[in-house]
Structures are given as structure tokens and as C-alpha cells.
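Chemist: I'd like to ask some things about the structure below.
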Amino acid sequence: MPATVRVVLIGLRGSGKTTLGSLLAQRLHTQFIDLDDVTVAGSGQPSVTVMFRSLGEAAFRAAECAALEHVLTSASTSGAVIALGGGTPTTPPARALLESARAAGTIRIILLEAPPETLGARLTSNPGDRPLLAGASFAEEALLLGEVRLPMYRTLADAVVSTGGHAAASVEALERAARKSAG
């Protein structure tokens with residue numbers, strides 16, 4: 001994989017962007033970047049949930065877009081594996097950044113997909129630092145957000161990897177997709 005090409009992971013919350021992304025970065029001998037961490041670090045807020053509650057979603061998305069632009073243009077992130085938040089590609093400015101970088105050949109976007117019931121089960125056992133955005137449960141949220149977001153994710157993706165099974169099989173499929181799309 002060329003050192004300047006970044007692998008960008010998109011997908012619904014719970015699809016494995018952070019878990020599999022960090023494993024992929026190890027396999028590719030490169031750095032892993034979680035965009036949520038970069039966004040929070042630049043905000044002065046302690047967490048994504050606090051940012052959402054204290055600043056509102058619009059301010060969070062603006063900060064997230066600025067963080068994305070920084071990560072995509074920084075020479076220090078060349079070759080990195082970057083996990084985006086589930087909502088990152090849904091905002092027009094962030095989507096434009098992704099489309100521009102993809103057109104320039106500096107990123108390869110891989111969509112991670114798992115069935116809504118799998119996402120719900122994962123998030124129920126490990127909710128992480130994100131507020132519920134829709135629905136009364138994580139499974140309902142995955143179903144509702146999936147209906148809206150998955151078609152848009154698919155238009156951005158260079159490859160799609162199913163992550164509904166075991167992590168070992170999923171990271172192997174992800175590595176093949178990353179290497180194939182970079183080659």
C-alpha cells in the first residue's frame with residue numbers, strides 16, 4: 001500500500017471501525033486515528049457526549065469536519081487508518097472533503113457493515129461515548145440510521161466489508177480490501 005494513501009473506515013456505530021481499524025493499522029504497520037478522539041482533543045471538552053450536550057450537534061459536526069480536514073491534509077497521517085464517526089460523512093462539508101481526497105487518490109474509503117441486530121447487541125454490551133441519536137434502543141437506532149445512512153455510505157465506499165462475524169475474519173477481509181483498493 002502506498003505510504004501516502006490513507007484508509008478511511010465508515011459505517012454505523014458498532015460496525016467495528018475502531019476495533020477493526022486499530023487491528024488493521026497494526027497489520028499494515030501504520031498509525032490508527034479515531035476521528036472522535038481528534039475532535040474531542042481539539043474541543044476542550046472531555047468527551048463526545050459532553051460535546052453533543054453542551055455545544056449541540058451542529059457545533060460538534062463543525063468541529064468534526066475541521067478535525068477531518070486536518071487529518072486528511074496532514075503529512076504526519078500519511079498511510080494511516082482513520083475511523084470516522086458514523087455521522088461524519090452525512091454532513092455536506094465532510095462528504096465534500098472525503099470525495100475530494102478520494103478523487104485525488106489520497107484515501108480509500110471502506111464501508112464496514114453488520115446487521116442491525118448485531119450492531120444493537122454490540123452497543124448494548126459496550127455503548128461507548130456516544131449519545132443515542134434515534135430510537136429507544138441501540139438496535140432501533142441501527143435500523144433507523146441504517147435506512148438513512150447506508151445508501152449514502154455506499155456511494156462513498158471503494159469497498160464494503162461485512163463485519164457481522166468474528167473479528168479475526170473481519171479484519172482479514174478488511175486487510176484484503178485495503179490492499180486491493182490501494183493496489
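Here, A, B, ... name the chains of the C-alpha cells in the order displayed, residue numbers run from 1 inside each chain, and ligands are numbered from 1 in the same displayed order.
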Taking the chain letters and numbering used in this document, name the residues of region 95-172 of chain A that DSSP puts in strand (DSSP E or B), as a ChimeraX atom specification.
Modeler: /A:107-113,159-162
Chemist: Using only C-alpha atoms, which residues sit within 8 Å of Phe32 (chain A) once same-chain residues fewer than 6 positions away are excluded, as a list of chain:residue names?
Modeler: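 Here the answer would be A:Gly21, A:Ser22, A:Ala25, A:Ala80, A:Val81, A:Ile82, A:Ala83.
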Chemist: Could you state the separation of CA of Ala114 (chain A) and CA of Gly164 (chain A) in Å, given to one decimal place?
Modeler: 4.5 Å
Chemist: If we count only C-alpha atoms, what is near Ala139 (chain A) at a cut-off of 6 Å, once residues fewer than 2 positions away on the same chain are taken out, given as a PDB file with C-alpha atoms, in the first residue's frame?
Modeler:
```
ATOM      1  CA  PRO A 116     -28.814  -4.039  12.811  1.00  0.00           C
ATOM      2  CA  GLU A 117     -29.357  -6.762  15.425  1.00  0.00           C
ATOM      3  CA  GLY A 120     -27.593  -3.357  18.657  1.00  0.00           C
ATOM      4  CA  SER A 137     -32.565   1.319  21.886  1.00  0.00           C
ATOM      5  CA  GLU A 141     -31.096   3.287  16.233  1.00  0.00           C
ATOM      6  CA  ALA A 142     -29.064   0.991  13.976  1.00  0.00           C
TER       7      ALA A 142
END
```
Chemist: Interatomic distance between CA of Leu144 (chain A) and CA of Thr91 (chain A)?
Modeler: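 Those two atoms sit 17.3 Å apart.
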Chemist: Which residues of region 90-161 of chain A come within 8 Å of region 62-73 of chain A, and for each one, what is the closest pair of atoms and their distance in Å to one decimal, counting only C-alpha atoms, sorted by chain and residue number, as CSV?
Modeler:
```
residue,atom,partner,partner_atom,distance
A:Pro93,CA,A:Cys65,CA,6.9
A:Ala94,CA,A:Cys65,CA,5.3
A:Leu97,CA,A:Glu69,CA,6.8
A:Ala101,CA,A:Leu72,CA,7.4
```
Chemist: Which residues in region 66-151 of chain A does DSSP call helix (DSSP H, G or I)? List them as a count of residues only.
Modeler: 51
Chemist: Let me make sure I understand: among A:Val161, A:Ile33, A:Val171, A:Val148, which one has the smallest atom-to-atom distance to Leu20 (chain A) if we use only C-alpha atoms?
Modeler: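 Using only C-alpha atoms, the shortest distance to Leu20 (chain A) belongs to A:Val171.
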Chemist: Given only C-alpha atoms as the basis, pick out the residue of A:Gly146, A:Gly79, A:Gly56, A:Gly165 nearest to Ala178 (chain A).
Modeler: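 Smallest distance to Ala178 (chain A) is found for A:Gly79.
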Chemist: Give me the residues near Gly14 (chain A) as a list in words, where near means some atom within 8 Å (using only C-alpha atoms) and where sequence neighbours in that chain fewer than 3 positions away do not count.
Modeler: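 Within the cut-off, the hits are Lys17, Leu119, Gly120, Arg122 and Leu123 of chain A.
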Chemist: The selected residues should be written to file as a compact mmCIF listing (two decimals), in the first residue's frame (atoms: N, CA and C atoms).
Modeler:
```txt
# COMPACT_ATOMS: atom_id res chain seq x y z
N LYS A 17 -15.43 0.03 13.32
CA LYS A 17 -14.45 0.98 12.79
C LYS A 17 -13.25 1.14 13.73
N LEU A 119 -25.34 -4.94 15.47
CA LEU A 119 -24.93 -3.62 15.96
C LEU A 119 -25.58 -3.32 17.30
N GLY A 120 -26.88 -3.60 17.40
CA GLY A 120 -27.59 -3.36 18.66
C GLY A 120 -27.02 -4.16 19.81
N ARG A 122 -23.94 -5.37 20.07
CA ARG A 122 -22.61 -4.85 20.39
C ARG A 122 -22.70 -3.58 21.23
N LEU A 123 -23.58 -2.69 20.82
CA LEU A 123 -23.69 -1.39 21.50
C LEU A 123 -24.36 -1.50 22.87
```
Chemist: Kindly indicate which residue among A:Leu112, A:Lys180, A:Ala59, A:Phe138 lies nearest to Thr124 (chain A), using only C-alpha atoms for the distances.
Modeler: A:Phe138
Chemist: So the first atom is CA of Ala169 (chain A) and the second is CA of Leu23 (chain A); what is the distance between them in Å, to one decimal place?
Modeler: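 That distance, rounded to one decimal, is 11.7 Å.
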Chemist: Which residue is closest to Ala173 (chain A)? Choose from A:Thr155, A:Phe60, A:Gly44, A:Leu24 and count only C-alpha atoms.
Modeler: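 Using only C-alpha atoms, Ala173 (chain A) sits closest to A:Leu24.
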Chemist: Rank nothing, just name the residue among A:Thr90, A:Gln31, A:Thr19, A:Ser74 nearest to Ala168 (chain A), using only C-alpha atoms.
Modeler: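 Closest residue, counting only C-alpha atoms: A:Thr19.
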Chemist: Could you check which of A:Ile109, A:Val50, A:Val40, A:Leu55 is closest to Arg179 (chain A), using only C-alpha atoms?
Modeler: A:Ile109
